[in-house]
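Pasted below: coords.txt, compact mmCIF, C-alpha atoms and all ligand atoms.
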```txt
# COMPACT_ATOMS: atom_id res chain seq x y z
CA MET A 28 19.45 -1.05 5.70
CA THR A 29 16.90 0.35 8.14
CA ARG A 30 13.49 1.14 6.68
CA SER A 31 10.80 3.37 8.15
CA ILE A 32 7.22 2.24 8.71
CA THR A 33 3.94 3.82 9.82
CA ILE A 34 1.15 1.58 11.08
CA LEU A 35 -2.40 2.88 10.85
CA GLY A 36 -4.52 0.77 13.20
CA ALA A 37 -1.53 -0.43 15.25
CA THR A 38 -3.66 -1.81 18.11
CA GLY A 39 -5.72 -4.16 15.92
CA SER A 40 -5.17 -7.71 14.78
CA VAL A 41 -3.25 -6.85 11.57
CA GLY A 42 -1.42 -4.07 13.45
CA ALA A 43 -0.28 -6.57 16.10
CA SER A 44 0.87 -9.09 13.48
CA THR A 45 2.84 -6.35 11.72
CA LEU A 46 4.47 -5.19 14.96
CA ASP A 47 5.31 -8.81 15.79
CA LEU A 48 7.41 -8.99 12.60
CA VAL A 49 9.01 -5.62 13.31
CA ARG A 50 9.82 -6.76 16.87
CA ARG A 51 11.60 -9.86 15.50
CA ASN A 52 13.78 -7.76 13.19
CA PRO A 53 14.44 -4.59 15.23
CA ALA A 54 17.58 -3.60 13.32
CA ASP A 55 15.64 -3.51 10.03
CA TRP A 56 12.94 -1.04 11.09
CA ARG A 57 12.36 2.48 12.37
CA VAL A 58 8.76 3.18 13.44
CA THR A 59 7.52 6.60 12.40
CA ALA A 60 3.84 6.77 13.40
CA LEU A 61 1.44 4.44 15.20
CA THR A 62 -2.30 5.15 15.34
CA ALA A 63 -5.36 3.76 17.13
CA HIS A 64 -9.02 4.53 17.55
CA SER A 65 -9.49 4.84 21.32
CA ASN A 66 -7.21 2.44 23.21
CA VAL A 67 -4.79 5.03 24.67
CA GLU A 68 -3.08 2.64 27.03
CA GLU A 69 -2.15 0.09 24.35
CA LEU A 70 -1.16 2.77 21.84
CA ALA A 71 1.13 4.51 24.35
CA LYS A 72 2.68 1.19 25.36
CA LEU A 73 3.45 0.29 21.72
CA ALA A 74 4.72 3.77 20.88
CA ARG A 75 7.16 3.61 23.81
CA GLU A 76 8.26 0.06 23.01
CA PHE A 77 8.98 0.85 19.35
CA GLY A 78 10.26 4.40 19.93
CA ALA A 79 7.72 5.85 17.47
CA GLU A 80 8.12 9.48 16.41
CA THR A 81 4.41 10.09 16.94
CA ALA A 82 1.32 8.32 18.29
CA VAL A 83 -2.11 9.39 17.12
CA ILE A 84 -5.41 8.60 18.78
CA ALA A 85 -8.39 9.11 16.45
CA ASP A 86 -10.74 9.98 19.31
CA GLU A 87 -10.00 13.67 19.91
CA ALA A 88 -11.44 13.59 23.44
CA ARG A 89 -8.56 11.33 24.52
CA TYR A 90 -5.72 13.75 23.69
CA GLU A 91 -4.93 14.70 27.30
CA GLU A 92 -4.98 11.05 28.34
CA LEU A 93 -2.52 10.17 25.57
CA LYS A 94 -0.28 13.12 26.44
CA GLN A 95 -0.09 11.92 30.03
CA ALA A 96 0.51 8.32 29.00
CA LEU A 97 3.48 9.46 26.87
CA ALA A 98 4.92 11.93 29.38
CA GLY A 99 8.69 11.56 29.76
CA SER A 100 9.07 9.78 26.39
CA ASP A 101 10.19 11.25 23.05
CA VAL A 102 6.91 10.25 21.37
CA GLU A 103 4.88 13.19 20.14
CA PRO A 104 1.16 12.78 20.98
CA ALA A 105 -1.60 13.83 18.56
CA ALA A 106 -5.34 13.30 18.22
CA GLY A 107 -8.23 13.60 15.79
CA ARG A 108 -8.95 12.81 12.17
CA ALA A 109 -6.71 15.52 10.71
CA ALA A 110 -3.78 14.30 12.83
CA LEU A 111 -4.41 10.79 11.53
CA CYS A 112 -4.07 12.03 7.94
CA GLU A 113 -0.97 14.06 8.82
CA ALA A 114 0.62 10.96 10.35
CA ALA A 115 -0.26 8.90 7.26
CA ALA A 116 1.38 11.55 5.05
CA ARG A 117 4.73 11.58 6.86
CA PRO A 118 7.50 10.39 4.54
CA VAL A 119 8.22 6.69 5.16
CA ASP A 120 9.29 3.63 3.20
CA ILE A 121 6.00 1.83 3.83
CA VAL A 122 2.60 2.54 5.40
CA MET A 123 0.63 -0.41 6.79
CA ALA A 124 -3.05 0.55 6.32
CA ALA A 125 -4.78 -1.60 8.95
CA ILE A 126 -7.67 0.55 10.16
CA VAL A 127 -11.01 -1.26 9.88
CA GLY A 128 -13.80 0.26 7.79
CA CYS A 129 -14.29 3.32 5.63
CA ALA A 130 -12.86 5.29 8.60
CA GLY A 131 -9.46 4.39 7.16
CA LEU A 132 -10.08 5.93 3.74
CA GLY A 133 -8.94 9.50 4.54
CA PRO A 134 -5.57 8.39 5.97
CA VAL A 135 -4.99 5.92 3.09
CA MET A 136 -5.67 8.66 0.54
CA ALA A 137 -3.29 10.99 2.45
CA ALA A 138 -0.56 8.35 2.13
CA ILE A 139 -1.34 7.78 -1.56
CA GLU A 140 -0.99 11.52 -2.24
CA GLN A 141 2.61 11.32 -1.02
CA GLY A 142 3.34 8.58 -3.59
CA THR A 143 4.14 6.17 -0.75
CA THR A 144 4.25 2.37 -0.83
CA ILE A 145 1.16 1.20 1.03
CA ALA A 146 0.51 -2.29 2.37
CA LEU A 147 -3.27 -2.30 2.18
CA ALA A 148 -5.23 -4.42 4.65
CA ASN A 149 -8.09 -1.91 4.91
CA LYS A 150 -10.24 -3.39 2.12
CA GLU A 151 -13.29 -1.24 2.97
CA ALA A 152 -11.33 1.87 1.90
CA LEU A 153 -10.66 0.44 -1.58
CA VAL A 154 -14.18 -0.96 -1.92
CA SER A 155 -15.73 2.43 -1.08
CA ALA A 156 -13.42 4.63 -3.10
CA GLY A 157 -12.80 2.26 -6.04
CA GLU A 158 -11.65 4.25 -9.07
CA VAL A 159 -11.14 7.38 -6.96
CA MET A 160 -8.40 5.49 -5.13
CA THR A 161 -6.90 3.67 -8.13
CA ALA A 162 -6.78 6.95 -10.08
CA ALA A 163 -5.00 8.65 -7.16
CA VAL A 164 -2.50 5.77 -6.98
CA ALA A 165 -1.71 6.22 -10.69
CA LYS A 166 -1.60 10.02 -10.47
CA HIS A 167 0.78 10.14 -7.49
CA GLY A 168 2.88 7.11 -8.45
CA ALA A 169 2.00 5.31 -5.21
CA THR A 170 2.31 1.52 -4.85
CA LEU A 171 -0.45 -0.63 -3.35
CA LEU A 172 0.69 -3.99 -1.99
CA PRO A 173 -2.25 -6.22 -1.04
CA VAL A 174 -2.15 -7.58 2.52
CA ASP A 175 -5.45 -9.44 2.33
CA SER A 176 -4.29 -13.06 2.12
CA GLU A 177 -6.24 -13.85 -1.07
CA HIS A 178 -5.06 -10.74 -2.89
CA ASN A 179 -1.55 -11.22 -1.67
CA ALA A 180 -1.71 -14.77 -3.05
CA ILE A 181 -2.94 -13.48 -6.43
CA PHE A 182 -0.28 -10.76 -6.45
CA GLN A 183 2.37 -13.46 -5.94
CA CYS A 184 0.84 -15.78 -8.59
CA LEU A 185 0.81 -12.88 -11.06
CA GLN A 186 4.63 -12.86 -10.96
CA GLY A 187 4.31 -16.04 -13.04
CA GLY A 188 2.70 -14.49 -16.11
CA ARG A 189 1.24 -11.38 -17.71
CA MET A 190 -2.10 -9.82 -16.70
CA GLU A 191 -3.37 -9.95 -20.29
CA GLU A 192 -2.75 -13.72 -20.35
CA VAL A 193 -4.84 -14.40 -17.24
CA ARG A 194 -7.92 -16.49 -17.94
CA THR A 195 -9.45 -16.45 -14.47
CA ILE A 196 -8.69 -15.52 -10.89
CA THR A 197 -10.15 -17.70 -8.12
CA LEU A 198 -10.58 -16.34 -4.64
CA THR A 199 -10.75 -19.06 -2.01
CA ALA A 200 -13.13 -18.66 0.93
CA SER A 201 -13.08 -20.68 4.14
CA GLY A 202 -16.87 -20.45 4.24
CA GLY A 203 -16.66 -19.05 7.78
CA PRO A 204 -17.87 -20.57 11.04
CA LEU A 205 -21.54 -20.88 9.96
CA ARG A 206 -21.18 -22.79 6.71
CA LEU A 207 -22.81 -25.85 8.23
CA VAL A 208 -25.03 -24.12 10.83
CA GLU A 209 -28.70 -24.58 10.02
CA ASP A 210 -30.56 -21.84 11.87
CA LEU A 211 -28.88 -18.57 10.89
CA ASP A 212 -31.52 -16.58 12.82
CA ALA A 213 -30.30 -18.00 16.12
CA VAL A 214 -26.60 -17.18 15.59
CA THR A 215 -25.06 -15.11 18.42
CA PRO A 216 -22.17 -12.64 18.00
CA GLU A 217 -19.89 -15.07 19.89
CA GLN A 218 -20.66 -17.85 17.39
CA ALA A 219 -20.19 -15.54 14.41
CA ILE A 220 -16.83 -14.29 15.67
CA ALA A 221 -15.40 -17.75 16.37
CA HIS A 222 -13.65 -18.26 13.03
CA PRO A 223 -12.35 -21.81 12.48
CA ASN A 224 -9.06 -20.87 10.79
CA TRP A 225 -8.18 -17.20 11.32
CA ASP A 226 -7.84 -15.03 14.42
CA MET A 227 -9.08 -11.57 13.36
CA GLY A 228 -10.87 -8.39 14.50
CA ALA A 229 -14.61 -8.57 15.29
CA LYS A 230 -15.87 -6.81 12.14
CA ILE A 231 -14.02 -8.97 9.61
CA SER A 232 -14.93 -12.07 11.60
CA VAL A 233 -18.63 -11.28 11.21
CA ASP A 234 -17.97 -10.48 7.54
CA SER A 235 -16.46 -13.95 7.14
CA ALA A 236 -19.55 -15.50 8.71
CA THR A 237 -21.95 -13.63 6.38
CA MET A 238 -19.60 -14.03 3.36
CA PHE A 239 -19.57 -10.22 2.98
CA ASN A 240 -15.83 -10.54 3.50
CA LYS A 241 -15.63 -12.51 0.24
CA GLY A 242 -18.01 -10.02 -1.37
CA LEU A 243 -15.79 -7.10 -0.38
CA GLU A 244 -12.78 -9.10 -1.56
CA LEU A 245 -14.37 -9.65 -4.95
CA ILE A 246 -14.68 -5.87 -5.37
CA GLU A 247 -11.17 -5.40 -3.97
CA ALA A 248 -9.79 -7.90 -6.51
CA HIS A 249 -11.68 -6.18 -9.31
CA HIS A 250 -9.83 -2.92 -8.54
CA LEU A 251 -6.42 -4.45 -7.88
CA PHE A 252 -6.33 -6.88 -10.82
CA PRO A 253 -8.04 -5.57 -13.96
CA VAL A 254 -9.04 -8.86 -15.60
CA GLY A 255 -12.81 -8.17 -15.67
CA LEU A 256 -15.38 -9.09 -13.02
CA ASP A 257 -16.67 -12.06 -15.01
CA ARG A 258 -13.22 -13.66 -14.74
CA ILE A 259 -13.10 -13.53 -10.95
CA ARG A 260 -14.47 -16.66 -9.28
CA ILE A 261 -15.06 -17.72 -5.69
CA VAL A 262 -14.62 -21.25 -4.36
CA VAL A 263 -15.19 -22.41 -0.79
CA HIS A 264 -12.10 -24.17 0.60
CA PRO A 265 -12.63 -24.85 4.31
CA GLN A 266 -8.98 -25.66 5.16
CA SER A 267 -7.69 -22.20 4.08
CA VAL A 268 -4.42 -23.67 2.81
CA ILE A 269 -4.67 -22.42 -0.77
CA HIS A 270 -5.07 -18.65 -0.43
CA SER A 271 -6.11 -18.02 -4.06
CA MET A 272 -5.24 -18.97 -7.62
CA VAL A 273 -4.53 -17.53 -11.06
CA GLU A 274 -5.28 -19.50 -14.22
CA TYR A 275 -3.42 -18.56 -17.42
CA ARG A 276 -4.58 -19.00 -21.02
CA ASP A 277 -2.42 -22.09 -21.53
CA GLY A 278 -4.31 -23.97 -18.80
CA SER A 279 -1.69 -23.51 -16.07
CA THR A 280 -3.09 -22.57 -12.68
CA LEU A 281 -0.72 -21.07 -10.11
CA ALA A 282 -1.73 -21.14 -6.44
CA GLN A 283 -0.16 -19.76 -3.28
CA LEU A 284 -0.28 -22.00 -0.21
CA GLY A 285 0.59 -21.31 3.40
CA PRO A 286 -0.53 -21.33 7.02
CA SER A 287 -3.60 -19.31 8.05
CA ASP A 288 -1.47 -16.65 9.68
CA MET A 289 -1.55 -13.05 8.49
CA ARG A 290 2.15 -12.68 9.23
CA VAL A 291 2.82 -14.52 5.95
CA PRO A 292 1.10 -12.04 3.59
CA ILE A 293 2.24 -9.13 5.79
CA ALA A 294 5.86 -10.34 5.52
CA SER A 295 5.46 -10.62 1.77
CA CYS A 296 4.46 -6.93 1.64
CA LEU A 297 7.09 -5.72 4.13
CA ALA A 298 9.94 -7.41 2.28
CA TRP A 299 8.62 -6.97 -1.28
CA PRO A 300 10.13 -7.58 -3.80
CA ALA A 301 12.49 -9.63 -1.61
CA ARG A 302 11.55 -12.17 1.09
CA MET A 303 12.04 -12.19 4.85
CA ASP A 304 12.00 -14.81 7.62
CA THR A 305 8.83 -15.49 9.61
CA PRO A 306 8.38 -17.87 12.55
CA MET A 307 6.14 -20.22 10.52
CA ALA A 308 6.52 -23.99 10.70
CA PRO A 309 7.10 -25.55 7.26
CA LEU A 310 3.90 -26.47 5.40
CA ASP A 311 3.16 -30.17 6.02
CA LEU A 312 0.64 -31.32 3.42
CA ALA A 313 0.75 -34.94 4.54
CA GLU A 314 -0.26 -33.76 8.01
CA ILE A 315 -3.09 -31.66 6.56
CA GLY A 316 -4.17 -34.68 4.51
CA GLU A 317 -7.11 -33.33 2.55
CA LEU A 318 -7.99 -30.16 0.70
CA THR A 319 -11.66 -29.82 -0.26
CA PHE A 320 -13.61 -27.37 -2.41
CA PHE A 321 -17.29 -26.38 -2.69
CA LYS A 322 -19.46 -23.96 -4.63
CA PRO A 323 -20.57 -20.98 -2.50
CA ASP A 324 -24.20 -21.29 -1.31
CA GLU A 325 -25.63 -17.93 -2.36
CA ALA A 326 -29.17 -18.88 -1.34
CA ARG A 327 -28.12 -19.03 2.31
CA PHE A 328 -25.34 -16.43 2.07
CA PRO A 329 -26.41 -13.78 -0.47
CA ALA A 330 -23.48 -11.44 0.28
CA THR A 331 -21.30 -12.50 -2.68
CA ARG A 332 -24.24 -12.05 -5.07
CA LEU A 333 -24.97 -8.58 -3.64
CA ALA A 334 -21.32 -7.61 -3.93
CA ARG A 335 -21.08 -8.84 -7.52
CA GLU A 336 -24.20 -6.86 -8.42
CA ALA A 337 -22.81 -3.75 -6.71
CA ALA A 338 -19.51 -4.14 -8.55
CA GLU A 339 -21.34 -4.55 -11.87
CA ALA A 340 -23.46 -1.46 -11.16
CA GLY A 341 -20.26 0.41 -10.23
CA GLY A 342 -20.33 4.10 -9.31
CA ALA A 343 -21.62 4.63 -5.77
CA ALA A 344 -23.02 1.10 -5.32
CA PRO A 345 -19.95 -0.53 -3.69
CA ALA A 346 -19.61 2.37 -1.21
CA VAL A 347 -23.31 2.04 -0.35
CA LEU A 348 -22.98 -1.73 0.09
CA ASN A 349 -19.95 -1.27 2.34
CA ALA A 350 -21.53 1.45 4.48
CA ALA A 351 -24.78 -0.47 4.96
CA ASN A 352 -22.78 -3.57 5.90
CA GLU A 353 -20.69 -1.63 8.45
CA VAL A 354 -23.87 -0.32 10.12
CA ALA A 355 -25.53 -3.75 10.07
CA VAL A 356 -22.47 -5.54 11.50
CA ALA A 357 -22.16 -3.00 14.34
CA ALA A 358 -25.88 -3.43 15.08
CA PHE A 359 -25.54 -7.22 15.09
CA LEU A 360 -22.51 -7.07 17.41
CA ALA A 361 -24.48 -4.75 19.73
CA GLY A 362 -27.30 -7.31 19.88
CA LYS A 363 -29.75 -5.02 18.02
CA ILE A 364 -30.45 -7.18 14.94
CA LYS A 365 -30.41 -10.86 14.08
CA PHE A 366 -27.58 -12.34 12.02
CA SER A 367 -29.77 -13.01 8.99
CA ARG A 368 -30.86 -9.35 8.89
CA ILE A 369 -27.36 -8.15 8.00
CA ALA A 370 -27.67 -9.16 4.34
CA LEU A 371 -31.32 -8.12 4.21
CA MET A 372 -30.43 -4.65 5.45
CA VAL A 373 -27.66 -4.26 2.89
CA GLU A 374 -29.99 -5.40 0.12
CA SER A 375 -32.70 -2.91 1.24
CA VAL A 376 -30.31 0.04 1.30
CA LEU A 377 -28.96 -0.93 -2.14
CA SER A 378 -32.38 -1.37 -3.70
CA GLU A 379 -33.97 1.82 -2.34
CA ASN A 380 -35.04 3.85 -5.38
CA SER A 381 -32.03 5.81 -6.63
CA LEU A 382 -28.33 5.35 -6.04
CA PRO A 383 -26.34 8.59 -5.77
CA PRO A 384 -24.19 9.54 -8.81
CA ALA A 385 -20.71 8.02 -9.08
CA PRO A 386 -18.37 9.82 -6.64
CA ARG A 387 -15.35 11.49 -8.28
CA THR A 388 -13.49 12.79 -5.25
CA LEU A 389 -12.66 11.62 -1.72
CA GLU A 390 -15.22 14.09 -0.32
CA GLU A 391 -17.93 12.68 -2.60
CA VAL A 392 -17.11 9.10 -1.53
CA LEU A 393 -17.36 10.15 2.12
CA ARG A 394 -20.73 11.80 1.44
CA VAL A 395 -22.07 8.64 -0.24
CA ASP A 396 -20.80 6.64 2.76
CA GLU A 397 -22.45 9.01 5.25
CA ASP A 398 -25.80 9.04 3.41
CA ALA A 399 -25.88 5.24 3.13
CA ARG A 400 -25.20 4.96 6.87
CA MET A 401 -28.13 7.27 7.56
CA ARG A 402 -30.40 5.20 5.32
CA ALA A 403 -29.26 1.96 6.94
CA ASN A 404 -29.97 3.38 10.39
CA ALA A 405 -33.39 4.61 9.25
CA ILE A 406 -34.26 1.16 7.85
CA MET A 407 -33.17 -0.44 11.11
CA GLU A 408 -35.41 1.84 13.16
CA THR A 409 -38.52 1.29 11.05
CA ALA A 410 -38.21 -2.50 10.82
P1 LIG B 501 -9.23 -4.73 14.34
O1 LIG B 501 -10.60 -4.37 14.74
O2 LIG B 501 -8.51 -5.79 15.09
O3 LIG B 501 -8.32 -3.42 14.37
C1 LIG B 501 -8.69 -2.23 13.75
C2 LIG B 501 -7.71 -1.10 14.03
O4 LIG B 501 -8.27 0.10 13.48
C3 LIG B 501 -7.46 -0.83 15.51
O5 LIG B 501 -6.14 -0.39 15.70
C4 LIG B 501 -8.43 0.31 15.83
O6 LIG B 501 -7.99 1.12 16.91
C5 LIG B 501 -8.43 1.08 14.52
N1 LIG B 501 -9.70 1.78 14.27
C6 LIG B 501 -10.95 1.25 14.35
N2 LIG B 501 -11.88 2.18 14.06
C7 LIG B 501 -11.20 3.32 13.81
C8 LIG B 501 -11.61 4.64 13.47
N3 LIG B 501 -12.90 4.97 13.35
N4 LIG B 501 -10.65 5.57 13.26
C9 LIG B 501 -9.34 5.26 13.38
N5 LIG B 501 -8.89 4.03 13.72
C10 LIG B 501 -9.81 3.06 13.92
O7 LIG B 501 -9.29 -5.07 12.79
P2 LIG B 501 -8.35 -6.07 11.95
O8 LIG B 501 -8.91 -7.43 12.02
O9 LIG B 501 -6.92 -5.83 12.30
O10 LIG B 501 -8.63 -5.56 10.47
C11 LIG B 501 -8.09 -4.35 9.96
C12 LIG B 501 -8.34 -4.29 8.46
O11 LIG B 501 -7.62 -5.35 7.84
C13 LIG B 501 -9.81 -4.50 8.08
O12 LIG B 501 -10.12 -3.72 6.97
C14 LIG B 501 -9.88 -5.97 7.71
O13 LIG B 501 -10.89 -6.25 6.78
C15 LIG B 501 -8.51 -6.17 7.09
N6 LIG B 501 -8.04 -7.55 7.16
C16 LIG B 501 -7.85 -8.15 8.37
C17 LIG B 501 -7.41 -9.47 8.45
C18 LIG B 501 -7.18 -10.12 9.79
O14 LIG B 501 -6.70 -11.25 9.82
N7 LIG B 501 -7.49 -9.51 10.90
C19 LIG B 501 -7.19 -10.19 7.27
C20 LIG B 501 -7.39 -9.55 6.04
C21 LIG B 501 -7.81 -8.23 6.00
MG MG B 502 -9.00 -12.16 3.05
```
Could you show the structure in this file as structure tokens?
Amino acid sequence: MTRSITILGATGSVGASTLDLVRRNPADWRVTALTAHSNVEELAKLAREFGAETAVIADEARYEELKQALAGSDVEPAAGRAALCEAAARPVDIVMAAIVGCAGLGPVMAAIEQGTTIALANKEALVSAGEVMTAAVAKHGATLLPVDSEHNAIFQCLQGGRMEEVRTITLTASGGPLRLVEDLDAVTPEQAIAHPNWDMGAKISVDSATMFNKGLELIEAHHLFPVGLDRIRIVVHPQSVIHSMVEYRDGSTLAQLGPSDMRVPIASCLAWPARMDTPMAPLDLAEIGELTFFKPDEARFPATRLAREAAEAGGAAPAVLNAANEVAVAAFLAGKIKFSRIALMVESVLSENSLPPAPRTLEEVLRVDEDARMRANAIMETA
């Protein structure tokens, strides 16, 4: 049976992995909407290839360009933030939410309001909106399937028992490319982006290097799997073979293993609750040889501590942490700040006198996000 899919962030790394699976099983899928930030050429190419109903470019100024690039095809061009939300709200079997950053929150919420099944890669949206998003999911009867490899692993391990019988959840972390690098001040964007195990977009690659990725994932796990923050652990596992684990009260620990390729967790969401083929070679543990584990080094990489504190504080704190991190990562990638200042900037924005009250609506979350960005930019200019 053919199923319909919309991909938000179709030109990115997760978007490309999703489209790769769709391309391998063309008879199974009908593409409804594809969206991108500003890469008109790539978006138009994909929309033509997959015969999408509509292609949306977030950057409104590129509408004419997109219209021309789609001339003579049946793809309907659209542009701007409202068009992005309209595309996300079109009725489909599944929406892949693969925009990077809080920029993806509006479209994800638009999909949730339709009660859709959403494969969620866009962790920043859930971190920022927290209970506002989980309440909307419950209210509209939507389904969130976690794409993030750790959360997808936990989701799979949770099929083996009941949530109330979970003792702990352990998120594995590769430790990123800088785990063993001594001088964090001298790290260049190229070094930070060169992840040893995963091929990903620039922002999440820097997040892996700072460990903010694991910090965001801790908050993400806290919202997806209500076992209590104090029961969610982090362990560094440089081989990225075990993607996460769930320990039950009887002492059984279930783990999910697989290659470091996002097509595996994406396939698990696309086919859920069934399974589908992927082009992965069988797991060869004898070839891998060794799996090792370490405690995270929070003295050198304070991100997981900051995220845990923000999650404990709750309310607006996670949205503030996320926004400050987005500003700091962009500044680092632009060569404006040193690597080690990313965490310092986030900590400064979080510890500035008063946090705003807990947001209760999407608009309030977006206002908290906007204010925290302004404060992060102000801190950057005065330092
Ligand atoms: P990416 O940078 O490769 O792609 C991001 C996509 O979002 C692109 O299509 C881009 O056009 C679009 N986009 C960017 N800014 C936008 C904006 N302001 N408005 C609308 N669209 C915008 O990122 P990625 O690595 O594919 O990651 C996407 C999301 O998935 C992130 O939240 C990331 O944390 C999460 N994730 C990624 C991976 C991975 O392996 N890449 C793994 C786990 C989770
Ligand atoms: Mg992950």
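With all atoms listed in the file counted, the chains near ligand MG 502 (chain B) contribute these residues within 6 Å: Asp175, Ser176 and Glu177 of chain A.
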Checklist line | Counting all atoms listed in the file, the residue of A:Leu382, A:Ala106, A:Ile126, A:Val233 that sits nearest Ala146 of chain A | finding: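 Distance minimum relative to Ala146 of chain A lands on A:Ile126.
Between ligand LIG 501 (chain B) and the candidates A:Asp226, A:Glu91, A:Glu379, A:Glu391, the tightest atom-to-atom separation, counting only C-alpha atoms and all ligand atoms, involves A:Asp226.
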Check: Within 7 Å of ligand LIG 501 (chain B), counting all atoms listed in the file: which residues, as number ranges by chain?
Finding: A: 35-42, 62-66, 85, 125-128, 130-131, 148-151, 174-176, 225-231, 289
Based on the selection just made, write C-alpha atoms of those residues as a short mmCIF file (atom, residue, chain, number, x, y, z; two decimals), in the frame of the given file.
```
data_model
loop_
_atom_site.label_atom_id
_atom_site.label_comp_id
_atom_site.auth_asym_id
_atom_site.auth_seq_id
_atom_site.Cartn_x
_atom_site.Cartn_y
_atom_site.Cartn_z
CA LEU A 35 -2.40 2.88 10.85
CA GLY A 36 -4.52 0.77 13.20
CA ALA A 37 -1.53 -0.43 15.25
CA THR A 38 -3.66 -1.81 18.11
CA GLY A 39 -5.72 -4.16 15.92
CA SER A 40 -5.17 -7.71 14.78
CA VAL A 41 -3.25 -6.85 11.57
CA GLY A 42 -1.42 -4.07 13.45
CA THR A 62 -2.30 5.15 15.34
CA ALA A 63 -5.36 3.76 17.13
CA HIS A 64 -9.02 4.53 17.55
CA SER A 65 -9.49 4.84 21.32
CA ASN A 66 -7.21 2.44 23.21
CA ALA A 85 -8.39 9.11 16.45
CA ALA A 125 -4.78 -1.60 8.95
CA ILE A 126 -7.67 0.55 10.16
CA VAL A 127 -11.01 -1.26 9.88
CA GLY A 128 -13.80 0.26 7.79
CA ALA A 130 -12.86 5.29 8.60
CA GLY A 131 -9.46 4.39 7.16
CA ALA A 148 -5.23 -4.42 4.65
CA ASN A 149 -8.09 -1.91 4.91
CA LYS A 150 -10.24 -3.39 2.12
CA GLU A 151 -13.29 -1.24 2.97
CA VAL A 174 -2.15 -7.58 2.52
CA ASP A 175 -5.45 -9.44 2.33
CA SER A 176 -4.29 -13.06 2.12
CA TRP A 225 -8.18 -17.20 11.32
CA ASP A 226 -7.84 -15.03 14.42
CA MET A 227 -9.08 -11.57 13.36
CA GLY A 228 -10.87 -8.39 14.50
CA ALA A 229 -14.61 -8.57 15.29
CA LYS A 230 -15.87 -6.81 12.14
CA ILE A 231 -14.02 -8.97 9.61
CA MET A 289 -1.55 -13.05 8.49
#
```
Note to self: Could you tell me how far atom CA of Ala82 of chain A sits from atom CA of Val67 of chain A, in Å to one decimal place?
What the structure shows: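 It comes out at 9.4 Å.
Here atom CA of Glu92 of chain A and atom CA of Ala115 of chain A stand 21.7 Å from one another.
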Next item on the list: List the neighbours of segment 192-206 of chain A out to 7 Å using all atoms listed in the file; skip same-chain residues closer than 4 positions along the sequence, and give me the result as a count of residues only.
Entry: 26
Check: In Å to one decimal, how far is atom CA of Asn404 of chain A from atom CA of Ala346 of chain A?
Finding: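 Distance reported for this atom pair: 15.6 Å.
Using all atoms listed in the file, the smallest distance between any of A:Glu158, A:Glu68, A:Glu325, A:Asp304 and Ile246 of chain A comes from A:Glu158.
For the set A:Thr81, A:Gln183, A:Thr33, A:Asn52, the residue with the smallest atom-to-atom gap to Leu281 of chain A is A:Gln183, counting only C-alpha atoms.
Of the listed residues A:Ala43, A:Leu73, A:Ala79, A:Leu348, the one whose atoms come nearest to Val102 of chain A is A:Ala79, with distances taken using all atoms listed in the file.
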Checklist line | 9 Å contact set for Thr215 of chain A, all atoms listed in the file, chain neighbours under 4 positions out, as a list in words | finding: Ala219, Ile220, Phe359, Leu360, Gly362, Lys365 and Phe366 of chain A
Can those selected residues be exported to a file as a compact mmCIF listing (two decimals), keeping the file's coordinate frame so that it contains C-alpha atoms?
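See out-v9.txt below for the written result:
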```txt
# COMPACT_ATOMS: atom_id res chain seq x y z
CA ALA A 219 -20.19 -15.54 14.41
CA ILE A 220 -16.83 -14.29 15.67
CA PHE A 359 -25.54 -7.22 15.09
CA LEU A 360 -22.51 -7.07 17.41
CA GLY A 362 -27.30 -7.31 19.88
CA LYS A 365 -30.41 -10.86 14.08
CA PHE A 366 -27.58 -12.34 12.02
```
Item checked: Nearest candidate to Ala358 of chain A (options A:Leu318, A:Met372, A:Ala340, A:Ala213; using all atoms listed in the file) ->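 Comparing A:Leu318, A:Met372, A:Ala340, A:Ala213 against Ala358 of chain A, the winner is A:Met372.
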Notebook entry, point to check: What's the 7 Å shell around Pro134 of chain A, counting all atoms listed in the file, without same-chain residues fewer than 2 positions away, as a PyMOL selection string?
Noted result: chain A and resi 111-112+115+131-132+136-138
Residue subset to file, keeping C-alpha atoms, as a PDB file, in the coordinates of the input:
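Below you can see out18.pdb, which holds the result:
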```pdb
ATOM      1  CA  LEU A 111      -4.410  10.790  11.530  1.00  0.00           C
ATOM      2  CA  CYS A 112      -4.070  12.030   7.940  1.00  0.00           C
ATOM      3  CA  ALA A 115      -0.260   8.900   7.260  1.00  0.00           C
ATOM      4  CA  GLY A 131      -9.460   4.390   7.160  1.00  0.00           C
ATOM      5  CA  LEU A 132     -10.080   5.930   3.740  1.00  0.00           C
ATOM      6  CA  MET A 136      -5.670   8.660   0.540  1.00  0.00           C
ATOM      7  CA  ALA A 137      -3.290  10.990   2.450  1.00  0.00           C
ATOM      8  CA  ALA A 138      -0.560   8.350   2.130  1.00  0.00           C
TER       9      ALA A 138
END
```
Notebook entry, point to check: Excluding same-chain residues fewer than 3 positions from Met238 of chain A, what lies within 7 Å of it counting all atoms listed in the file, as a list in words?
Noted result: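 Those residues are Asp234, Ser235, Lys241, Gly242, Phe328, Ala330 and Thr331 of chain A.
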Check: What's the 12 Å shell around Lys363 of chain A, counting all atoms listed in the file, without same-chain residues fewer than 4 positions away, as a ChimeraX atom specification?
Finding: /A:215-216,354-359,368-369,404,407-408,410
Given 3 Å of margin on each side, can you work out the centre and size in Å (one decimal) of an axis-aligned box holding every listed atom of segment 287-291 of chain A, as AutoDock Vina command-line options?
```
--center_x -0.4 --center_y -16.0 --center_z 7.8 --size_x 12.4 --size_y 12.6 --size_z 9.7
```
